[in-house]
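Visitor: File name entry.txt; file contents compact mmCIF, C-alpha atoms and all ligand atoms; full text below.
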```txt
# COMPACT_ATOMS: atom_id res chain seq x y z
CA MET A 3 11.64 -18.09 -57.49
CA LEU A 4 13.47 -15.10 -58.89
CA THR A 5 16.19 -13.97 -56.48
CA LEU A 6 16.44 -10.25 -56.79
CA THR A 7 18.67 -9.37 -53.87
CA ASP A 8 22.40 -9.58 -54.36
CA GLU A 9 23.64 -11.95 -51.66
CA ARG A 10 27.07 -10.31 -51.63
CA ASP A 11 25.47 -7.07 -50.63
CA SER A 12 26.65 -5.82 -47.24
CA THR A 13 23.10 -4.64 -46.64
CA ALA A 14 21.70 -8.20 -46.80
CA ASP A 15 20.76 -8.29 -43.08
CA ILE A 16 18.99 -4.97 -43.15
CA ARG A 17 17.16 -5.98 -46.32
CA ALA A 18 15.95 -9.18 -44.67
CA ALA A 19 14.73 -7.25 -41.62
CA VAL A 20 12.81 -4.79 -43.79
CA ARG A 21 11.27 -7.63 -45.78
CA ALA A 22 10.14 -9.27 -42.54
CA LEU A 23 8.50 -6.05 -41.35
CA CYS A 24 6.84 -5.44 -44.71
CA ALA A 25 5.36 -8.94 -44.69
CA ASN A 26 2.98 -7.67 -41.99
CA TYR A 27 1.57 -5.16 -44.49
CA PRO A 28 0.34 -7.25 -47.41
CA SER A 29 -1.28 -5.99 -50.56
CA GLU A 30 -4.80 -6.03 -49.00
CA TYR A 31 -3.60 -3.40 -46.51
CA TRP A 32 -2.37 -1.07 -49.28
CA ARG A 33 -5.37 -1.73 -51.49
CA GLU A 34 -7.77 -0.71 -48.73
CA LEU A 35 -5.82 2.48 -47.99
CA ASP A 36 -5.63 3.28 -51.68
CA ARG A 37 -9.41 3.12 -52.01
CA GLU A 38 -9.86 5.56 -49.14
CA ARG A 39 -6.75 7.65 -49.92
CA ALA A 40 -5.85 7.01 -46.28
CA TYR A 41 -2.47 7.35 -44.58
CA PRO A 42 -0.63 4.11 -43.68
CA THR A 43 -0.30 5.03 -39.99
CA GLU A 44 0.35 1.48 -38.73
CA PHE A 45 3.06 0.88 -41.32
CA VAL A 46 4.78 4.19 -40.58
CA THR A 47 4.58 3.53 -36.82
CA ALA A 48 6.17 0.11 -37.29
CA LEU A 49 8.98 1.55 -39.41
CA THR A 50 9.54 4.30 -36.84
CA GLU A 51 9.62 1.89 -33.91
CA SER A 52 12.02 -0.40 -35.76
CA GLY A 53 14.45 2.52 -36.09
CA PHE A 54 14.62 2.28 -39.89
CA LEU A 55 13.57 5.90 -40.34
CA ALA A 56 16.44 7.05 -38.08
CA ALA A 57 19.01 5.22 -40.20
CA LEU A 58 20.83 8.36 -41.31
CA ILE A 59 20.84 10.20 -37.99
CA PRO A 60 24.30 9.92 -36.39
CA GLU A 61 24.58 7.75 -33.29
CA GLU A 62 25.49 10.75 -31.11
CA PHE A 63 21.97 12.06 -31.77
CA GLY A 64 20.26 8.73 -31.15
CA GLY A 65 20.06 7.38 -34.70
CA SER A 66 21.83 4.38 -36.21
CA GLY A 67 24.39 6.42 -38.14
CA LEU A 68 24.16 4.20 -41.18
CA ALA A 69 25.53 5.02 -44.61
CA LEU A 70 23.31 6.27 -47.43
CA SER A 71 23.51 2.88 -49.17
CA ALA A 72 21.87 1.27 -46.12
CA ALA A 73 19.04 3.84 -46.19
CA ALA A 74 18.68 3.20 -49.92
CA ALA A 75 18.47 -0.55 -49.25
CA ILE A 76 15.68 0.05 -46.70
CA LEU A 77 13.59 2.07 -49.16
CA GLU A 78 14.30 -0.30 -52.04
CA GLU A 79 13.11 -3.29 -50.02
CA ILE A 80 9.97 -1.47 -48.89
CA HIS A 81 9.07 -0.92 -52.54
CA ALA A 82 10.19 -4.34 -53.73
CA SER A 83 7.85 -5.80 -51.08
CA GLY A 84 4.88 -4.00 -52.61
CA CYS A 85 4.72 -1.36 -49.87
CA ASN A 86 5.17 2.37 -50.40
CA GLY A 87 7.83 4.44 -48.64
CA ALA A 88 6.47 7.76 -49.91
CA ALA A 89 4.38 8.04 -46.76
CA CYS A 90 7.49 8.48 -44.64
CA HIS A 91 10.73 8.49 -46.66
CA ALA A 92 11.23 12.21 -45.96
CA GLN A 93 11.52 11.45 -42.22
CA MET A 94 14.80 9.80 -43.15
CA TYR A 95 16.46 12.61 -45.04
CA THR A 96 14.77 15.99 -44.42
CA MET A 97 16.62 16.16 -41.11
CA GLY A 98 19.83 16.41 -43.17
CA THR A 99 19.21 20.16 -43.49
CA ILE A 100 19.49 20.52 -39.69
CA LEU A 101 22.38 18.08 -39.49
CA ARG A 102 24.45 19.87 -42.11
CA HIS A 103 23.49 23.49 -41.53
CA GLY A 104 21.79 23.76 -38.15
CA SER A 105 23.38 25.16 -35.00
CA ALA A 106 24.64 22.87 -32.23
CA GLU A 107 21.59 23.92 -30.20
CA GLN A 108 19.16 23.05 -33.02
CA LYS A 109 20.80 19.66 -33.56
CA ALA A 110 20.68 18.80 -29.86
CA ARG A 111 17.08 19.97 -29.59
CA TYR A 112 15.57 18.30 -32.63
CA LEU A 113 17.63 15.35 -33.88
CA PRO A 114 17.26 13.03 -30.85
CA ALA A 115 13.49 13.57 -30.79
CA ILE A 116 13.31 12.93 -34.55
CA ALA A 117 15.41 9.78 -34.09
CA ARG A 118 13.01 8.53 -31.40
CA GLY A 119 10.06 9.29 -33.68
CA GLU A 120 8.59 11.71 -31.13
CA LEU A 121 8.95 14.53 -33.64
CA ARG A 122 7.99 14.01 -37.24
CA LEU A 123 9.98 16.07 -39.70
CA GLN A 124 8.67 14.93 -43.03
CA ALA A 125 7.26 18.05 -44.65
CA PHE A 126 9.37 19.97 -47.09
CA GLY A 127 7.94 23.25 -48.39
CA VAL A 128 9.75 24.34 -51.54
CA THR A 129 7.42 24.10 -54.56
CA GLU A 130 4.93 26.92 -55.16
CA PRO A 131 2.02 27.11 -57.60
CA THR A 132 3.41 29.94 -59.71
CA SER A 133 7.11 29.04 -59.68
CA GLY A 134 7.04 25.20 -59.98
CA THR A 135 10.41 23.92 -61.07
CA ASP A 136 11.73 27.47 -61.26
CA THR A 137 12.45 27.49 -57.51
CA LEU A 138 14.32 30.78 -57.56
CA SER A 139 11.11 32.57 -58.56
CA LEU A 140 9.29 31.52 -55.41
CA ARG A 141 7.23 34.25 -53.80
CA THR A 142 6.63 33.20 -50.21
CA MET A 143 8.16 35.97 -48.09
CA ALA A 144 9.53 35.83 -44.54
CA VAL A 145 9.99 39.31 -43.10
CA ARG A 146 12.01 39.82 -39.92
CA THR A 147 10.13 41.71 -37.21
CA GLY A 148 11.95 41.76 -33.88
CA ASP A 149 12.65 38.23 -32.71
CA HIS A 150 10.30 36.65 -35.29
CA TYR A 151 9.89 36.26 -39.01
CA VAL A 152 6.41 36.77 -40.41
CA VAL A 153 5.66 34.45 -43.32
CA ASN A 154 3.11 35.07 -46.08
CA GLY A 155 2.60 33.03 -49.23
CA GLN A 156 1.65 29.61 -50.51
CA LYS A 157 3.29 26.25 -51.08
CA ILE A 158 1.93 23.39 -53.15
CA TRP A 159 2.59 19.65 -53.17
CA THR A 160 3.82 19.84 -49.59
CA SER A 161 3.59 16.15 -48.95
CA ARG A 162 2.82 14.68 -45.52
CA ALA A 163 2.15 18.14 -44.00
CA GLU A 164 -0.84 16.65 -42.16
CA HIS A 165 1.37 13.90 -40.77
CA SER A 166 4.33 15.97 -39.70
CA ASP A 167 5.09 18.18 -36.71
CA LEU A 168 7.80 20.19 -38.40
CA MET A 169 8.36 21.56 -41.88
CA VAL A 170 11.59 22.61 -43.57
CA LEU A 171 10.44 25.77 -45.30
CA LEU A 172 12.20 27.74 -48.04
CA ALA A 173 11.13 31.39 -48.23
CA ARG A 174 12.48 34.62 -49.61
CA THR A 175 13.92 36.98 -46.98
CA THR A 176 15.29 39.59 -49.40
CA PRO A 177 13.19 40.70 -52.39
CA ARG A 178 14.54 39.36 -55.65
CA GLU A 179 15.19 42.87 -57.04
CA GLN A 180 17.55 43.59 -54.13
CA VAL A 181 19.93 40.63 -54.51
CA ARG A 182 22.93 40.45 -56.81
CA ARG A 183 22.33 36.85 -57.81
CA ARG A 184 19.03 34.96 -58.07
CA THR A 185 20.33 32.29 -55.72
CA GLU A 186 20.71 34.80 -52.89
CA GLY A 187 18.06 36.09 -50.50
CA LEU A 188 16.31 32.77 -49.79
CA SER A 189 16.33 31.32 -46.28
CA VAL A 190 15.44 28.02 -44.66
CA PHE A 191 13.28 27.76 -41.54
CA LEU A 192 12.26 24.93 -39.31
CA LEU A 193 8.58 25.62 -38.89
CA ASP A 194 6.80 24.03 -35.95
CA MET A 195 3.40 23.42 -37.50
CA ARG A 196 1.86 22.43 -34.15
CA LYS A 197 2.28 25.97 -32.89
CA ALA A 198 1.83 27.94 -36.11
CA GLU A 199 -1.19 30.21 -36.26
CA GLY A 200 -2.28 31.41 -39.70
CA LEU A 201 -1.32 28.13 -41.37
CA THR A 202 -3.94 26.39 -43.54
CA ILE A 203 -3.30 22.93 -44.94
CA ARG A 204 -5.53 21.57 -47.71
CA PRO A 205 -5.15 18.00 -48.98
CA ILE A 206 -4.87 17.46 -52.74
CA ARG A 207 -6.45 14.26 -54.03
CA THR A 208 -4.13 12.64 -56.54
CA MET A 209 -4.19 9.65 -58.90
CA MET A 210 -2.32 7.60 -56.30
CA ASN A 211 -2.56 7.46 -52.53
CA HIS A 212 -0.08 10.19 -51.64
CA ALA A 213 -0.70 12.45 -48.65
CA THR A 214 0.10 15.69 -50.41
CA THR A 215 -1.29 19.16 -49.70
CA GLU A 216 -1.24 22.83 -50.45
CA VAL A 217 -0.26 25.10 -47.58
CA PHE A 218 -1.25 28.73 -47.09
CA PHE A 219 0.76 31.09 -44.86
CA ASP A 220 -1.14 34.06 -43.53
CA ASP A 221 1.08 36.08 -41.18
CA VAL A 222 2.62 32.92 -39.73
CA ARG A 223 5.16 33.87 -37.03
CA VAL A 224 8.36 31.83 -36.93
CA PRO A 225 10.81 32.49 -34.08
CA ALA A 226 14.12 33.84 -35.41
CA GLU A 227 15.88 31.00 -33.57
CA ASN A 228 14.23 28.62 -36.09
CA LEU A 229 16.23 30.07 -38.97
CA ILE A 230 18.63 27.38 -40.16
CA GLY A 231 22.13 28.57 -40.98
CA GLU A 232 22.61 32.09 -42.31
CA GLU A 233 19.82 34.27 -43.62
CA GLY A 234 19.96 34.52 -47.42
CA ARG A 235 21.90 31.29 -48.00
CA GLY A 236 18.94 28.90 -47.90
CA PHE A 237 18.99 27.88 -51.54
CA SER A 238 22.45 26.33 -51.19
CA TYR A 239 21.25 24.45 -48.09
CA ILE A 240 18.32 22.99 -50.01
CA LEU A 241 20.55 22.05 -52.95
CA SER A 242 22.96 20.27 -50.61
CA GLY A 243 20.23 17.81 -49.63
CA MET A 244 19.06 17.03 -53.13
CA ASN A 245 21.68 14.45 -54.06
CA ALA A 246 20.76 12.26 -51.09
CA GLU A 247 17.07 12.61 -51.88
CA ARG A 248 17.58 11.68 -55.52
CA ILE A 249 19.62 8.59 -54.66
CA LEU A 250 17.04 7.44 -52.12
CA ILE A 251 14.10 7.98 -54.47
CA ALA A 252 16.04 6.18 -57.20
CA ALA A 253 16.38 3.23 -54.81
CA GLU A 254 12.59 3.24 -54.35
CA CYS A 255 12.22 3.09 -58.14
CA ILE A 256 14.58 0.10 -58.28
CA GLY A 257 12.40 -1.55 -55.63
CA ASP A 258 9.28 -0.86 -57.69
CA ALA A 259 10.95 -2.25 -60.83
CA LYS A 260 11.90 -5.43 -58.95
CA TRP A 261 8.33 -5.80 -57.72
CA PHE A 262 6.92 -5.45 -61.26
CA ILE A 263 9.47 -7.87 -62.71
CA GLU A 264 8.81 -10.52 -60.07
CA LYS A 265 5.05 -10.07 -60.35
CA ALA A 266 5.17 -10.37 -64.15
CA SER A 267 7.50 -13.37 -64.08
CA ASP A 268 5.27 -15.21 -61.59
CA TYR A 269 2.19 -14.51 -63.66
CA ALA A 270 3.86 -15.46 -66.94
CA ARG A 271 4.86 -18.83 -65.44
CA GLU A 272 1.38 -19.52 -64.06
CA ARG A 273 -1.02 -18.27 -66.71
CA VAL A 274 -1.67 -21.05 -69.19
CA LEU A 275 -3.16 -20.33 -72.63
CA PHE A 276 -3.01 -22.33 -75.84
CA GLY A 277 -1.83 -25.25 -73.70
CA ARG A 278 1.32 -23.59 -72.31
CA PRO A 279 2.37 -20.85 -69.92
CA ILE A 280 2.26 -17.43 -71.58
CA GLY A 281 5.86 -16.96 -70.36
CA GLN A 282 6.94 -19.66 -72.80
CA ASN A 283 6.27 -17.21 -75.63
CA GLN A 284 9.23 -15.02 -76.39
CA GLY A 285 6.84 -12.16 -77.10
CA VAL A 286 6.02 -12.28 -73.37
CA GLN A 287 9.48 -13.28 -72.08
CA PHE A 288 11.51 -10.65 -73.86
CA PRO A 289 9.81 -7.54 -72.41
CA ILE A 290 10.32 -9.01 -68.92
CA ALA A 291 13.99 -9.72 -69.65
CA GLN A 292 14.37 -6.25 -71.14
CA ALA A 293 12.88 -4.65 -68.02
CA TYR A 294 15.22 -6.74 -65.88
CA ALA A 295 18.30 -5.61 -67.82
CA GLN A 296 17.15 -1.99 -67.68
CA MET A 297 16.59 -2.22 -63.92
CA ARG A 298 20.01 -3.81 -63.29
CA ALA A 299 21.77 -1.07 -65.27
CA ALA A 300 19.93 1.64 -63.34
CA GLU A 301 20.75 -0.16 -60.08
CA LEU A 302 24.45 0.10 -60.90
CA MET A 303 24.12 3.85 -61.26
CA VAL A 304 22.30 4.06 -57.91
CA HIS A 305 25.17 2.15 -56.28
CA GLU A 306 27.74 4.37 -58.02
CA ALA A 307 26.02 7.55 -56.87
CA ALA A 308 25.69 6.27 -53.29
CA ALA A 309 29.36 5.23 -53.20
CA LEU A 310 30.49 8.68 -54.38
CA TYR A 311 28.16 10.33 -51.85
CA GLU A 312 29.52 8.20 -49.03
CA ALA A 313 33.10 9.02 -50.07
CA GLY A 314 32.24 12.71 -49.77
CA ARG A 315 32.83 13.25 -53.48
CA ASP A 316 30.80 15.27 -55.93
CA CYS A 317 27.93 13.07 -57.10
CA GLY A 318 25.57 15.60 -58.71
CA ALA A 319 25.66 14.00 -62.14
CA GLU A 320 25.46 10.45 -60.81
CA ALA A 321 22.63 11.21 -58.37
CA ASN A 322 20.66 12.81 -61.18
CA MET A 323 21.38 9.96 -63.60
CA ALA A 324 20.46 7.41 -60.93
CA LYS A 325 17.10 9.12 -60.45
CA LEU A 326 16.52 9.42 -64.21
CA LEU A 327 17.47 5.86 -65.09
CA ALA A 328 15.75 4.26 -62.10
CA ALA A 329 12.52 6.20 -62.70
CA ASP A 330 12.61 5.14 -66.36
CA ALA A 331 13.33 1.53 -65.36
CA SER A 332 10.41 1.41 -62.92
CA TRP A 333 8.04 2.99 -65.41
CA ALA A 334 9.12 0.61 -68.19
CA ALA A 335 8.72 -2.34 -65.81
CA ALA A 336 5.28 -1.07 -64.78
CA ASP A 337 4.13 -0.87 -68.38
CA MET A 338 5.53 -4.33 -69.11
CA CYS A 339 3.77 -5.73 -66.03
CA VAL A 340 0.38 -4.42 -67.12
CA GLN A 341 0.90 -5.89 -70.59
CA THR A 342 1.97 -9.27 -69.19
CA HIS A 343 -1.18 -9.41 -67.07
CA GLY A 344 -3.50 -8.50 -69.95
CA GLY A 345 -6.89 -7.48 -68.56
CA PHE A 346 -5.93 -8.44 -65.02
CA GLY A 347 -3.31 -5.68 -65.11
CA PHE A 348 -6.23 -3.30 -64.73
CA ALA A 349 -7.93 -5.14 -61.89
CA GLU A 350 -7.54 -3.66 -58.40
CA ASP A 351 -7.12 -7.09 -56.83
CA PHE A 352 -3.88 -7.74 -58.72
CA ASP A 353 -2.17 -4.57 -57.33
CA VAL A 354 -0.43 -3.93 -60.65
CA GLU A 355 -2.58 -0.93 -61.53
CA ARG A 356 -1.99 0.60 -58.08
CA LYS A 357 1.79 0.23 -58.26
CA PHE A 358 1.63 1.48 -61.88
CA ARG A 359 -0.04 4.69 -60.69
CA GLU A 360 2.38 5.04 -57.79
CA THR A 361 5.55 4.68 -59.81
CA ARG A 362 4.45 7.16 -62.48
CA LEU A 363 5.12 9.96 -59.99
CA TYR A 364 8.87 9.57 -60.23
CA GLN A 365 8.98 10.89 -63.77
CA VAL A 366 7.88 14.22 -62.27
CA ALA A 367 8.86 14.42 -58.60
CA PRO A 368 10.99 15.24 -56.74
CA ILE A 369 12.48 16.51 -60.00
CA SER A 370 11.15 15.99 -63.48
CA THR A 371 12.98 14.03 -66.14
CA ASN A 372 13.43 17.10 -68.37
CA LEU A 373 15.20 19.03 -65.65
CA ILE A 374 17.66 16.18 -65.12
CA LEU A 375 18.37 16.01 -68.84
CA SER A 376 18.88 19.75 -68.81
CA TYR A 377 21.35 19.41 -65.90
CA LEU A 378 23.32 16.74 -67.75
CA ALA A 379 23.33 18.65 -71.03
CA GLU A 380 24.43 21.94 -69.55
CA ARG A 381 26.51 21.05 -66.47
CA VAL A 382 28.14 17.85 -67.66
CA LEU A 383 28.24 18.24 -71.45
CA ASP A 384 28.75 22.01 -71.46
CA LEU A 385 25.93 22.71 -73.89
CA PRO A 386 24.47 26.24 -73.93
CA ARG A 387 22.12 27.04 -71.06
CA SER A 388 18.42 27.03 -71.93
CA TYR A 389 17.19 28.92 -68.88
C1 LIG B 401 2.70 13.89 -55.49
C2 LIG B 401 3.71 14.98 -55.43
C3 LIG B 401 4.43 15.17 -54.26
C4 LIG B 401 5.33 16.23 -54.17
N1 LIG B 401 5.95 16.49 -52.97
C5 LIG B 401 6.64 17.65 -52.81
C6 LIG B 401 7.09 18.06 -51.53
O1 LIG B 401 6.92 17.37 -50.54
N2 LIG B 401 7.70 19.27 -51.43
C7 LIG B 401 7.91 20.10 -52.50
O2 LIG B 401 8.46 21.18 -52.34
N3 LIG B 401 7.50 19.72 -53.75
C8 LIG B 401 6.87 18.53 -53.92
N4 LIG B 401 6.41 18.15 -55.16
C9 LIG B 401 6.62 19.06 -56.29
C10 LIG B 401 7.53 18.49 -57.35
O3 LIG B 401 8.85 18.62 -56.96
C11 LIG B 401 7.19 19.27 -58.62
O4 LIG B 401 5.92 18.82 -59.07
C12 LIG B 401 8.18 19.07 -59.70
O5 LIG B 401 9.41 19.62 -59.33
C13 LIG B 401 7.72 19.72 -61.01
O6 LIG B 401 7.25 21.02 -60.77
P1 LIG B 401 5.80 21.47 -61.30
O7 LIG B 401 4.83 20.43 -60.90
O8 LIG B 401 5.53 22.85 -60.86
O9 LIG B 401 5.93 21.45 -62.87
P2 LIG B 401 6.39 22.65 -63.78
O10 LIG B 401 7.63 23.27 -63.24
O11 LIG B 401 5.23 23.53 -64.04
O12 LIG B 401 6.78 21.87 -65.08
C14 LIG B 401 5.78 21.26 -65.95
C15 LIG B 401 6.47 20.45 -67.01
O13 LIG B 401 7.30 21.29 -67.80
C16 LIG B 401 8.63 20.82 -67.82
N5 LIG B 401 9.55 21.95 -67.79
C17 LIG B 401 9.50 23.06 -67.01
N6 LIG B 401 10.52 23.88 -67.29
C18 LIG B 401 11.24 23.29 -68.28
C19 LIG B 401 12.42 23.63 -68.99
N7 LIG B 401 13.07 24.76 -68.75
N8 LIG B 401 12.87 22.78 -69.94
C20 LIG B 401 12.21 21.63 -70.20
N9 LIG B 401 11.09 21.24 -69.55
C21 LIG B 401 10.62 22.07 -68.60
C22 LIG B 401 8.79 19.97 -66.55
O14 LIG B 401 9.78 18.99 -66.74
C23 LIG B 401 7.39 19.39 -66.40
O15 LIG B 401 7.30 18.18 -67.11
C24 LIG B 401 5.55 17.06 -55.30
C25 LIG B 401 4.86 16.82 -56.50
C26 LIG B 401 3.95 15.82 -56.57
C27 LIG B 401 3.17 15.63 -57.84
```
Output the structure of this file as structure tokens.
Guide:
Amino acid sequence: MLTLTDERDSTADIRAAVRALCANYPSEYWRELDRERAYPTEFVTALTESGFLAALIPEEFGGSGLALSAAAAILEEIHASGCNGAACHAQMYTMGTILRHGSAEQKARYLPAIARGELRLQAFGVTEPTSGTDTLSLRTMAVRTGDHYVVNGQKIWTSRAEHSDLMVLLARTTPREQVRRRTEGLSVFLLDMRKAEGLTIRPIRTMMNHATTEVFFDDVRVPAENLIGEEGRGFSYILSGMNAERILIAAECIGDAKWFIEKASDYARERVLFGRPIGQNQGVQFPIAQAYAQMRAAELMVHEAAALYEAGRDCGAEANMAKLLAADASWAAADMCVQTHGGFGFAEDFDVERKFRETRLYQVAPISTNLILSYLAERVLDLPRSY
């Protein structure tokens, strides 16, 4: 049996507990949901009740106050077990916007309820159809009228909006022509979707089972007290959460890669052709070994980024590289796993094709590979800016 968890890891206990929970949600469970594009409610409830989703909320607000590396270990194990954290990973980290930039009143009001799982904050409305990656061109406007803001516009790919009570929303509060710098004039709101009139949520059916939506705002009133931090400084608040998100998603990719490598190794040992296991052929062994080496290298960068983050040091480059390398490692492992399985790689019952579809996302979201390369080229290597 391939041992993929480092026994020296200080997160060994938490990993074992996550594995035990995930064992209750075997591949048949995910396969069935995948067919129906249904939300894994039971799995998310179990994770919530176990407290895993409150890992990053400080103890004073009712969470476990764990370090980012522990949260990364939780998500990695979920994925290495064949489960999918995308249904709820944002419940772990979206609250960081309130924690870092919210008022004392907002923290006291929301964080304990989020920690208990009574409030779901797992919708994050940034991307828009016309602006895409070019976030600073977003058009959704929030106009202050008395003690409210009135929001009009549209978001796309707002994942889990149908399974969330609250949304962290980025909108423009000062028209772009009236600000000195493009990064100014955007604000962040905590939108209570349970009370919002004029909000329309439409699911988008995707190639994998991912509860994503488009959201339309038609004169949606948001109380001014739900503004997070200062008006006009929202873009910096959103940026401040991106390193944690990238490290956590990278950990999911490492988990996926481990799943593919273990699945392929098992199959290559068991499948006998020409009188011997296919894994005895180096043409089959080497791609598995290559995927393993690639995953381990990416894993080191995830650990490096998390360590820098936990030390309060700048980790922009490392968080981006962790996401890039881990997403590449999981995709390479996915491709290798299909090839190792031959025709069975395409059969639903083997789960490989489902995980293959799921892990493809991370080349594009939450940030696409090109944009990371652009960041490294321009911010780290000082090459001329392309945009
Ligand atoms: C399933 C799913 C879930 C998502 N969940 C959320 C969510 O919860 N909240 C949210 O706000 N967003 C979410 N997103 C959006 C995601 O962050 C974006 O899809 C992603 O950032 C890319 O933006 P885009 O799709 O508009 O592509 P575009 O910006 O249109 O880019 C298209 C392609 O062009 C490339 N490209 C664009 N500009 C450049 C450039 N200057 N140089 C080189 N290449 C470039 C990109 O890399 C990409 O490959 C989700 C997306 C998906 C698919």
Visitor: Please identify every residue of range 184-247 of chain A that has at least one atom no farther than 10 Å from an atom of range 126-146 of chain A, counting only C-alpha atoms, and for each give the shortest atom pair and the distance in Å to one decimal, arranged by chain then increasing number, as JSON lines.
Guide:
```
{"residue": "A:Arg184", "atom": "CA", "partner": "A:Leu138", "partner_atom": "CA", "distance": 6.3}
{"residue": "A:Thr185", "atom": "CA", "partner": "A:Leu138", "partner_atom": "CA", "distance": 6.5}
{"residue": "A:Glu186", "atom": "CA", "partner": "A:Leu138", "partner_atom": "CA", "distance": 8.9}
{"residue": "A:Gly187", "atom": "CA", "partner": "A:Leu138", "partner_atom": "CA", "distance": 9.6}
{"residue": "A:Leu188", "atom": "CA", "partner": "A:Leu138", "partner_atom": "CA", "distance": 8.3}
{"residue": "A:Ser189", "atom": "CA", "partner": "A:Ala144", "partner_atom": "CA", "distance": 8.3}
{"residue": "A:Val190", "atom": "CA", "partner": "A:Gly127", "partner_atom": "CA", "distance": 9.6}
{"residue": "A:Phe191", "atom": "CA", "partner": "A:Ala144", "partner_atom": "CA", "distance": 9.4}
{"residue": "A:Leu192", "atom": "CA", "partner": "A:Phe126", "partner_atom": "CA", "distance": 9.7}
{"residue": "A:Leu193", "atom": "CA", "partner": "A:Gly127", "partner_atom": "CA", "distance": 9.8}
{"residue": "A:Glu216", "atom": "CA", "partner": "A:Glu130", "partner_atom": "CA", "distance": 8.8}
{"residue": "A:Val217", "atom": "CA", "partner": "A:Gly127", "partner_atom": "CA", "distance": 8.4}
{"residue": "A:Phe218", "atom": "CA", "partner": "A:Thr142", "partner_atom": "CA", "distance": 9.6}
{"residue": "A:Phe219", "atom": "CA", "partner": "A:Thr142", "partner_atom": "CA", "distance": 8.2}
{"residue": "A:Asp221", "atom": "CA", "partner": "A:Ala144", "partner_atom": "CA", "distance": 9.1}
{"residue": "A:Val222", "atom": "CA", "partner": "A:Ala144", "partner_atom": "CA", "distance": 8.9}
{"residue": "A:Arg223", "atom": "CA", "partner": "A:Ala144", "partner_atom": "CA", "distance": 8.9}
{"residue": "A:Val224", "atom": "CA", "partner": "A:Ala144", "partner_atom": "CA", "distance": 8.7}
{"residue": "A:Pro225", "atom": "CA", "partner": "A:Arg146", "partner_atom": "CA", "distance": 9.4}
{"residue": "A:Ala226", "atom": "CA", "partner": "A:Arg146", "partner_atom": "CA", "distance": 7.8}
{"residue": "A:Phe237", "atom": "CA", "partner": "A:Leu138", "partner_atom": "CA", "distance": 8.2}
{"residue": "A:Ile240", "atom": "CA", "partner": "A:Val128", "partner_atom": "CA", "distance": 8.8}
```
Visitor: With all atoms listed in the file counted, collect every polymer residue having an atom within 6 Å of ligand LIG 401 (chain B); state the result as a list in words.
Guide: Ala125, Phe126, Gly127, Val128, Thr129, Gly134, Thr135, Trp159, Thr160, Ser161, Thr214, Val366, Ala367, Pro368, Ile369, Ser370, Thr371, Asn372, Leu373 and Tyr389 of chain A
Visitor: Fewer than 5 positions away in the same chain doesn't count, so skip those; otherwise give me all residues within 10 Å of Met209 in chain A, counting only C-alpha atoms, as a ChimeraX atom specification.
Guide: /A:36,39,356,359-360,362-363
Visitor: As JSON, numbers by chain, please: the residues near His212 in chain A (cut-off 12 Å, all atoms listed in the file, same-chain neighbours under 4 positions excluded).
Guide: {"A": [32, 35, 36, 37, 38, 39, 40, 41, 42, 86, 87, 88, 89, 90, 159, 160, 161, 162, 163, 164, 165, 205, 206, 207, 208, 356, 359, 360, 361, 363]}
Visitor: Looking at only C-alpha atoms, which of A:Lys260, A:Leu58, A:Leu229, A:Arg196 is the one that sits closest to Ala295 in chain A?
Guide: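 Of A:Lys260, A:Leu58, A:Leu229, A:Arg196, the one nearest Ala295 in chain A is A:Lys260, counting only C-alpha atoms.
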Visitor: One decimal, in Å: what's the spacing between CA of Glu301 in chain A and CA of Gly318 in chain A?
Guide: 16.5 Å
Visitor: Show me as a PDB file with C-alpha atoms, keeping the file's coordinate frame the residues that reach within 8 Å of (25.9, 9.9, -56.2), counting only C-alpha atoms and using the file's own coordinates.
Guide:
```
ATOM      1  CA  ASN A 245      21.680  14.450 -54.060  1.00  0.00           C
ATOM      2  CA  ALA A 246      20.760  12.260 -51.090  1.00  0.00           C
ATOM      3  CA  ILE A 249      19.620   8.590 -54.660  1.00  0.00           C
ATOM      4  CA  VAL A 304      22.300   4.060 -57.910  1.00  0.00           C
ATOM      5  CA  HIS A 305      25.170   2.150 -56.280  1.00  0.00           C
ATOM      6  CA  GLU A 306      27.740   4.370 -58.020  1.00  0.00           C
ATOM      7  CA  ALA A 307      26.020   7.550 -56.870  1.00  0.00           C
ATOM      8  CA  ALA A 308      25.690   6.270 -53.290  1.00  0.00           C
ATOM      9  CA  ALA A 309      29.360   5.230 -53.200  1.00  0.00           C
ATOM     10  CA  LEU A 310      30.490   8.680 -54.380  1.00  0.00           C
ATOM     11  CA  TYR A 311      28.160  10.330 -51.850  1.00  0.00           C
ATOM     12  CA  ASP A 316      30.800  15.270 -55.930  1.00  0.00           C
ATOM     13  CA  CYS A 317      27.930  13.070 -57.100  1.00  0.00           C
ATOM     14  CA  GLY A 318      25.570  15.600 -58.710  1.00  0.00           C
ATOM     15  CA  ALA A 319      25.660  14.000 -62.140  1.00  0.00           C
ATOM     16  CA  GLU A 320      25.460  10.450 -60.810  1.00  0.00           C
ATOM     17  CA  ALA A 321      22.630  11.210 -58.370  1.00  0.00           C
ATOM     18  CA  ASN A 322      20.660  12.810 -61.180  1.00  0.00           C
ATOM     19  CA  ALA A 324      20.460   7.410 -60.930  1.00  0.00           C
TER      20      ALA A 324
END
```
Visitor: So, counting all atoms listed in the file, which residue among A:Tyr151, A:Val274, A:Glu312, A:Asn228 is closest to Leu68 in chain A?
Guide: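 That would be A:Glu312, the residue with the smallest distance to Leu68 in chain A.
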